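Everything on this sheet refers to the single structure shown next.
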Amino acid sequence: MASNNLTTRPSVAVHAPGGTASGVEPTDTPVMQLRDVSVYYGSYEAVRGTTMPIQQNQVTAMIGPSGCGKSTVLRALNRMNDPIPGARVSGEVSFHGQDLYARDVDPIQVRRRIGMVFQKPNPFPKSIFDNVAYGLRINGIKGRLDDHVEEALTKAALWDEVKDKLRKSALALSGGQQQRLCIARTIAVKPEVILMDEPCSALDPIATAKIEDLMFELTSDYTIVIVTHNMQQAARVSHYTAFFTAEVDDKQVRHGRLVEFSQTGKLFTNPADKRTEDYITGRFG
Amino acid sequence: MSVTAPPATRPATGGPDLTRAALSGRRRFTNHLATAAIWGAVLLAVIPLALVAYTVIGKGAGVMSLSFLTEDIPNSYRREGGGMAPAIIGTLVITGAAALMAIPLGVFGAIYLNEYGKQKPLARVIRLMADVMTGVPSIVMGLFVYISWVLLVGQQTGFAGALALACLMLPVVIRSSEEMLRLVPEELRQASMALGARKWKTTLTVVLPAAISGITSGSLLAVARAAGETAPIIIVTGIVFTPNWNLFDGSNTALPAQIFRNASTSFPAAQDRAWGAALTLIVIVLSFTVIARFISSRFAIKER
């Protein structure tokens with residue numbers, strides 16, 4: 001499959017590395033860096049030895065078959081695995097050079113700077129306004145909440161649809177609107193990095209297109225890491241792509257593994273690894 | 001008896017026969033039987049309920065009047081008239097004090113169990129103890145409070161009754177609240193966590209509001225049960241014939257205790273007062289329920 005088949009939406013395809021809309025080459029300033037990161041659940045090693053950078057103001061996609069550990073790695077980036085009993089991370093996940101798993105690091109501080117959007121839209125059972133204002137309130141931001149909420153909803157391309165019903169329940173919104181509300185809620189607290197765990201898998205193609213456009217808009221202010229099952233989506237929205245797969249070792253135990261990390265255009269047109277090529281061309285067993 | 005299925009008939013058009021007649025007799029019979037059984041069960045359940053309401057209203061409405069609600073209890077069973085004001089006041093203050101003690105404690109306990117303790121050994125022990133406590137008969141709880149509190153302070157008081165009722169309510173509140181907290185989707189906690197909320201903040205501002213309507217229902221059932229408890233009240237609060245607003249000094253009384261005392265005499269006037277007290281108790285519990293439902297609906301998750 002040639003790369004132009006994967007990029008069916010040219011308006012976004014031109015954002016791909018080597019031809020971004022603003023004519024800017026992919027930046028090369030890693031805001032985060034993974035070094036030999038393994039994630040364990042109890043004694044089970046779910047993901048083994050991942051080393052990759054997360055570049056600033058770029059979209060990094062993680063693709064791969066089910067069970068390859070891409071979501072696990074994503075959750076390791078803002079310590080969302082912490083509450084899972086037995087979950088443990090080895091290696092180094094650094095953010096601006098600071099190890100996120102150092103002893104004196106407060107996971108709350110980490111998550112305030114590295115936000116997350118989930119697979120299933122999960123708005124709080126509160127009003128639309130309160131959903132967006134929640135993060136601001138818990139972070140002690142007082143006063144002009146209205147302005148902050150409007151700004152976040154505008155950035156999430158939702159303001160025009162909800163400005164007349166801010167006091168209505170968020171649960172009355174459609175799935176696509178709920179997901180954009182969750183994005184608005186995340187960007188309201190102004191994180192540096194936004195992690196997205198298959199944000200479009202529960203949405204229809206139109207809602208998906210809106211979120212993909214939104215991701216591109218957001219890269220001017222934020223760094224985005226997205227996990228997706230959808231290769232076309234990765235090709236459309238990302239600057240860098242990491243391909244993970246599940247390997248069975250000599251003891252018949254499955255581990256997730258990073259196979260290849262490179263610029264998205266290169267990974268999809270000229271993959272360095274045979275396994276990547278098999279996967280992106282659909283020959284994956 | 002065997003019911004044979006009729007041969008599948010096909011209409012002239014050649015398509016499948018979708019009419020009811022095409023269904024086998026056996027399946028139709030089973031369906032009707034199940035429907036009849038469900039209706040029968042509903043009727044059986046409603047009969048005692050309707051009879052209780054009919055009897056209590058029929059016998060209690062006769063004595064019901066403003067003076068019944070406001071006058072003191074006659075200190076001779078034989079005397080006609082009088083009222084139940086001291087028992088109504090006793091029920092309200094004793095049950096109210098018990099609810100004030102048991103509900104916050106129980107909800108906090110449930111929060112510990114579901115949000116913090118989870119499957120830790122301490123949480124498992126507390127859960128087991130709560131289950132055991134649910135099965136303790138109320139008279140045993142009354143005796144326990146008599147020994148540990150009434151003998152200590154040297155007199156029967158309304159507070160002792162409230163203590164006994166609180167002990168009876170506590171395990172019910174803990175377990176029902178825990179079940180409600182468990183129904184709150186994990187995704188909401190994760191969403192709050194990903195925004196940089198600390199655990200107590202997540203619990204207080206996301207989890208608890210999402211569960212509040214269920215917690216209210218559960219707590220209410222506990223209050224309603226406690227309001228009708230008789231044995232511990234008789235043992236630990238004693239009896240009075242004039243209103244006593246002070247929980248900590250002097251004996252008190254409550255409607256269930258008055259029903260028991262008055263109904264077990266042979267004097268018609270006392271028996272009438274017992275029916276009146278029964279009706280009053282039912283109305284009080286009913287209005288608790290209505291008020292709490294109204295309050296919780298204001299907090300409840302709104303779909304639209």
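Lettering and numbering for the structure tokens are positional, with chains as A, B, ... in the shown order, residues counted from 1 in each chain, and ligands counted from 1 in the shown order.
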
Counting only C-alpha atoms, which residues of region 67-166 of chain A fall within 10 Å of region 236-250 of chain A, and what is the closest atom pair for each with its distance in Å at one decimal, ordered by chain and rising number, as a Markdown table?
| residue | atom | partner | partner_atom | distance |
| --- | --- | --- | --- | --- |
| A:Gly67 | CA | A:Ala246 | CA | 6.6 |
| A:Cys68 | CA | A:Ala246 | CA | 4.5 |
| A:Gly69 | CA | A:Phe244 | CA | 7.3 |
| A:Lys70 | CA | A:Phe244 | CA | 6.5 |

Can you write out the residues you just picked, keeping N, CA and C atoms, as a PDB file, in the first residue's frame?
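The new file result.pdb reads:
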ATOM      1  N   GLY A  67      -2.685  -5.679  22.298  1.00  0.00           N
ATOM      2  CA  GLY A  67      -1.852  -6.401  23.246  1.00  0.00           C
ATOM      3  C   GLY A  67      -0.363  -6.175  23.047  1.00  0.00           C
ATOM      4  N   CYS A  68      -0.011  -5.133  22.274  1.00  0.00           N
ATOM      5  CA  CYS A  68       1.416  -4.913  22.039  1.00  0.00           C
ATOM      6  C   CYS A  68       1.980  -3.929  23.053  1.00  0.00           C
ATOM      7  N   GLY A  69       1.158  -3.415  23.957  1.00  0.00           N
ATOM      8  CA  GLY A  69       1.665  -2.584  25.040  1.00  0.00           C
ATOM      9  C   GLY A  69       1.726  -1.103  24.747  1.00  0.00           C
ATOM     10  N   LYS A  70       1.108  -0.671  23.655  1.00  0.00           N
ATOM     11  CA  LYS A  70       1.208   0.748  23.327  1.00  0.00           C
ATOM     12  C   LYS A  70       0.455   1.612  24.336  1.00  0.00           C
TER      13      LYS A  70
END

Give as a compact mmCIF listing (two decimals) with C-alpha atoms, in the first residue's frame every residue of chain B that touches chain A within 12 Å, counting only C-alpha atoms.
# COMPACT_ATOMS: atom_id res chain seq x y z
CA GLU B 115 -11.66 4.01 47.65
CA TYR B 116 -8.76 3.35 49.98
CA LYS B 118 -10.19 -2.08 48.68
CA GLN B 119 -8.96 -5.64 49.27
CA LYS B 120 -6.47 -4.84 52.04
CA VAL B 184 -19.33 4.77 40.03
CA PRO B 185 -17.42 4.10 36.79
CA GLU B 186 -13.64 3.83 37.15
CA GLU B 187 -13.33 6.12 34.09
CA LEU B 188 -14.52 9.10 36.15
CA ARG B 189 -11.82 8.56 38.76
CA GLN B 190 -9.23 8.20 36.00
CA ALA B 191 -10.41 11.38 34.28
CA SER B 192 -10.12 13.31 37.52
CA MET B 193 -6.72 11.79 38.26
CA ALA B 194 -5.44 12.73 34.78
CA LEU B 195 -6.35 16.36 35.50
CA GLY B 196 -4.05 16.35 38.49
CA ALA B 197 -6.64 15.93 41.21
CA ARG B 198 -5.59 14.39 44.49
CA LYS B 199 -7.47 11.36 45.66
CA TRP B 200 -9.52 13.05 48.38
CA LYS B 201 -10.51 15.76 45.90
CA THR B 202 -11.58 13.16 43.34
CA LEU B 204 -15.25 14.44 47.30
CA THR B 205 -16.02 16.22 44.02
CA VAL B 206 -16.53 13.38 41.52
CA VAL B 207 -17.19 10.02 43.16
CA LEU B 208 -19.45 11.11 46.02
CA PRO B 209 -21.77 13.34 43.91
CA ALA B 210 -22.11 10.53 41.37
CA ALA B 211 -23.18 8.10 44.09
CA ILE B 212 -25.16 10.47 46.33
CA PHE B 299 -27.92 16.29 43.54
CA ALA B 300 -28.61 13.38 41.24
CA ILE B 301 -26.98 12.86 37.86
CA LYS B 302 -29.03 14.74 35.34
CA GLU B 303 -29.29 13.09 31.95
CA ARG B 304 -30.56 16.14 30.07

Neighbour list for Ala272 (chain A) as an NGL selection string, cut-off 12 Å, only C-alpha atoms, skip fewer than 2 positions in-chain:
:A and (243 or 259-263 or 266-270 or 274-278)

Atoms to include: C-alpha atoms. Write the selected residues as an mmCIF file, in the first residue's frame.
data_model
loop_
_atom_site.group_PDB
_atom_site.id
_atom_site.type_symbol
_atom_site.label_atom_id
_atom_site.label_comp_id
_atom_site.auth_asym_id
_atom_site.auth_seq_id
_atom_site.Cartn_x
_atom_site.Cartn_y
_atom_site.Cartn_z
ATOM 1 C CA PHE A 243 5.396 0.788 15.792
ATOM 2 C CA VAL A 259 10.020 -2.306 16.696
ATOM 3 C CA GLU A 260 10.577 0.922 14.866
ATOM 4 C CA PHE A 261 10.428 4.638 15.570
ATOM 5 C CA SER A 262 10.838 7.230 12.857
ATOM 6 C CA GLN A 263 9.209 10.106 11.037
ATOM 7 C CA LYS A 266 9.434 7.379 6.363
ATOM 8 C CA LEU A 267 7.828 4.686 8.498
ATOM 9 C CA PHE A 268 4.895 4.316 6.152
ATOM 10 C CA THR A 269 6.754 4.568 2.827
ATOM 11 C CA ASN A 270 10.119 3.085 3.625
ATOM 12 C CA LYS A 274 10.335 -6.255 7.884
ATOM 13 C CA ARG A 275 7.697 -6.544 10.677
ATOM 14 C CA THR A 276 6.690 -2.917 10.249
ATOM 15 C CA GLU A 277 6.320 -3.403 6.541
ATOM 16 C CA ASP A 278 4.198 -6.522 7.017
#

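Between Leu74 (chain A) and the residues A:Gln252, A:Thr60, A:Gln178, A:Ser220, the shortest atom-to-atom distance, using only C-alpha atoms, involves A:Thr60.
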
Residues at most 10 Å from Leu214 (chain A), counting only C-alpha atoms, excluding those fewer than 3 positions away in the same chain, as a PDB file with N, CA and C atoms, in the first residue's frame?
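For reference, around.pdb as written:
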ATOM      1  N   LYS A 155     -10.790  26.387  21.816  1.00  0.00           N
ATOM      2  CA  LYS A 155      -9.643  25.635  21.315  1.00  0.00           C
ATOM      3  C   LYS A 155     -10.042  24.218  20.936  1.00  0.00           C
ATOM      4  N   ALA A 156     -11.009  23.653  21.671  1.00  0.00           N
ATOM      5  CA  ALA A 156     -11.438  22.282  21.388  1.00  0.00           C
ATOM      6  C   ALA A 156     -12.519  22.257  20.310  1.00  0.00           C
ATOM      7  N   ALA A 157     -12.749  23.402  19.638  1.00  0.00           N
ATOM      8  CA  ALA A 157     -13.713  23.500  18.533  1.00  0.00           C
ATOM      9  C   ALA A 157     -15.106  23.044  18.954  1.00  0.00           C
ATOM     10  N   ARG A 180     -14.707  15.851  22.524  1.00  0.00           N
ATOM     11  CA  ARG A 180     -14.098  17.187  22.414  1.00  0.00           C
ATOM     12  C   ARG A 180     -14.198  17.932  23.746  1.00  0.00           C
ATOM     13  N   ILE A 183     -11.389  16.799  25.738  1.00  0.00           N
ATOM     14  CA  ILE A 183     -10.159  17.470  25.295  1.00  0.00           C
ATOM     15  C   ILE A 183     -10.132  18.891  25.860  1.00  0.00           C
ATOM     16  N   THR A 208     -14.574  11.784  14.089  1.00  0.00           N
ATOM     17  CA  THR A 208     -13.147  11.473  14.036  1.00  0.00           C
ATOM     18  C   THR A 208     -12.392  12.555  13.262  1.00  0.00           C
ATOM     19  N   ALA A 209     -12.956  12.957  12.119  1.00  0.00           N
ATOM     20  CA  ALA A 209     -12.297  13.987  11.310  1.00  0.00           C
ATOM     21  C   ALA A 209     -12.145  15.273  12.108  1.00  0.00           C
ATOM     22  N   LYS A 210     -13.184  15.617  12.899  1.00  0.00           N
ATOM     23  CA  LYS A 210     -13.121  16.855  13.693  1.00  0.00           C
ATOM     24  C   LYS A 210     -11.992  16.772  14.713  1.00  0.00           C
ATOM     25  N   ILE A 211     -11.883  15.617  15.347  1.00  0.00           N
ATOM     26  CA  ILE A 211     -10.845  15.475  16.376  1.00  0.00           C
ATOM     27  C   ILE A 211      -9.464  15.482  15.736  1.00  0.00           C
ATOM     28  N   GLU A 217      -4.485  21.509  15.054  1.00  0.00           N
ATOM     29  CA  GLU A 217      -4.566  22.863  15.619  1.00  0.00           C
ATOM     30  C   GLU A 217      -3.801  22.942  16.937  1.00  0.00           C
ATOM     31  N   LEU A 218      -3.959  21.903  17.744  1.00  0.00           N
ATOM     32  CA  LEU A 218      -3.404  21.936  19.100  1.00  0.00           C
ATOM     33  C   LEU A 218      -1.884  21.875  19.117  1.00  0.00           C
ATOM     34  N   THR A 219      -1.269  21.374  18.044  1.00  0.00           N
ATOM     35  CA  THR A 219       0.193  21.246  18.090  1.00  0.00           C
ATOM     36  C   THR A 219       0.897  22.589  18.176  1.00  0.00           C
ATOM     37  N   VAL A 237      -2.337  12.120  10.926  1.00  0.00           N
ATOM     38  CA  VAL A 237      -2.187  13.158  11.950  1.00  0.00           C
ATOM     39  C   VAL A 237      -0.791  13.277  12.534  1.00  0.00           C
TER      40      VAL A 237
END

Non-local contacts of Ala274 (chain B) (10 Å; only C-alpha atoms; under 2 positions in same chain excluded) as an MDAnalysis selection string:
chainID B and resid 56 59:60 63 84 255:265 268:272 276:280

With N, CA and C atoms retained, export the selected residues as a compact mmCIF listing (two decimals), in the first residue's frame.
# COMPACT_ATOMS: atom_id res chain seq x y z
N VAL B 56 -54.41 0.05 59.60
CA VAL B 56 -53.81 1.12 60.41
C VAL B 56 -54.55 2.43 60.18
N LYS B 59 -58.19 2.13 61.79
CA LYS B 59 -58.27 2.19 63.25
C LYS B 59 -57.60 3.44 63.81
N GLY B 60 -56.57 3.94 63.09
CA GLY B 60 -55.82 5.08 63.62
C GLY B 60 -56.45 6.41 63.29
N VAL B 63 -58.70 8.28 66.05
CA VAL B 63 -58.14 9.04 67.18
C VAL B 63 -57.29 10.23 66.71
N MET B 84 -49.93 11.89 71.91
CA MET B 84 -48.67 11.17 71.73
C MET B 84 -47.50 12.12 71.54
N LEU B 255 -42.39 6.42 69.56
CA LEU B 255 -43.66 5.86 69.09
C LEU B 255 -43.71 4.33 69.15
N PRO B 256 -42.69 3.61 68.67
CA PRO B 256 -42.80 2.14 68.71
C PRO B 256 -42.97 1.62 70.13
N ALA B 257 -42.26 2.23 71.08
CA ALA B 257 -42.37 1.79 72.47
C ALA B 257 -43.77 2.05 73.01
N GLN B 258 -44.35 3.19 72.61
CA GLN B 258 -45.71 3.51 73.05
C GLN B 258 -46.73 2.56 72.41
N ILE B 259 -46.49 2.20 71.16
CA ILE B 259 -47.40 1.24 70.51
C ILE B 259 -47.38 -0.06 71.30
N PHE B 260 -46.16 -0.51 71.63
CA PHE B 260 -46.04 -1.77 72.36
C PHE B 260 -46.74 -1.71 73.71
N ARG B 261 -46.47 -0.64 74.49
CA ARG B 261 -47.03 -0.53 75.83
C ARG B 261 -48.56 -0.41 75.80
N ASN B 262 -49.04 0.47 74.91
CA ASN B 262 -50.49 0.71 74.87
C ASN B 262 -51.26 -0.46 74.29
N ALA B 263 -50.66 -1.10 73.29
CA ALA B 263 -51.38 -2.19 72.64
C ALA B 263 -51.46 -3.42 73.53
N SER B 264 -50.50 -3.56 74.47
CA SER B 264 -50.52 -4.77 75.29
C SER B 264 -51.38 -4.60 76.54
N THR B 265 -52.16 -3.52 76.63
CA THR B 265 -53.11 -3.39 77.74
C THR B 265 -54.49 -3.84 77.26
N PRO B 268 -59.56 -0.12 76.04
CA PRO B 268 -59.83 0.36 74.68
C PRO B 268 -59.19 1.72 74.40
N ALA B 269 -59.18 2.62 75.38
CA ALA B 269 -58.61 3.94 75.14
C ALA B 269 -57.13 3.82 74.80
N ALA B 270 -56.42 2.95 75.53
CA ALA B 270 -54.99 2.76 75.28
C ALA B 270 -54.78 2.12 73.91
N GLN B 271 -55.64 1.15 73.58
CA GLN B 271 -55.49 0.48 72.28
C GLN B 271 -55.71 1.47 71.14
N ASP B 272 -56.67 2.39 71.32
CA ASP B 272 -56.89 3.42 70.30
C ASP B 272 -55.64 4.28 70.12
N GLY B 276 -53.32 5.01 66.82
CA GLY B 276 -53.00 6.37 66.40
C GLY B 276 -51.49 6.55 66.28
N ALA B 277 -50.76 5.99 67.27
CA ALA B 277 -49.30 6.09 67.24
C ALA B 277 -48.74 5.36 66.03
N ALA B 278 -49.35 4.21 65.69
CA ALA B 278 -48.88 3.44 64.54
C ALA B 278 -49.03 4.25 63.26
N LEU B 279 -50.20 4.88 63.11
CA LEU B 279 -50.43 5.70 61.91
C LEU B 279 -49.44 6.86 61.85
N THR B 280 -49.23 7.51 63.03
CA THR B 280 -48.29 8.63 63.07
C THR B 280 -46.89 8.18 62.64

Please identify which residues in region 86-232 of chain A DSSP calls alpha helix (DSSP H) from the backbone, and express them as number ranges by chain.
A: 107-113, 128-138, 145-155, 159-162, 175-188, 205-218, 231-232

Could you list, as a list in words, every residue within 10 Å of Lys163 (chain A), counting only C-alpha atoms and ignoring same-chain residues fewer than 5 positions away?
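Here the qualifying residues turn out to be Ile128, Phe129, Glu150, Leu153, Thr154 and Leu158 of chain A.
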
So that each row is one residue of region 65-111 of chain B with an atom at most 9 Å from region 167-171 of chain B, can you give its shortest atom pair and the distance in Å to one decimal, using only C-alpha atoms, rows by chain and rising number, as JSON lines?
{"residue": "B:Ala98", "atom": "CA", "partner": "B:Met169", "partner_atom": "CA", "distance": 8.0}
{"residue": "B:Ala99", "atom": "CA", "partner": "B:Met169", "partner_atom": "CA", "distance": 7.8}
{"residue": "B:Met101", "atom": "CA", "partner": "B:Leu170", "partner_atom": "CA", "distance": 8.6}
{"residue": "B:Ala102", "atom": "CA", "partner": "B:Leu170", "partner_atom": "CA", "distance": 5.1}
{"residue": "B:Ile103", "atom": "CA", "partner": "B:Leu170", "partner_atom": "CA", "distance": 7.0}
{"residue": "B:Leu105", "atom": "CA", "partner": "B:Leu170", "partner_atom": "CA", "distance": 7.5}
{"residue": "B:Gly106", "atom": "CA", "partner": "B:Leu170", "partner_atom": "CA", "distance": 5.5}
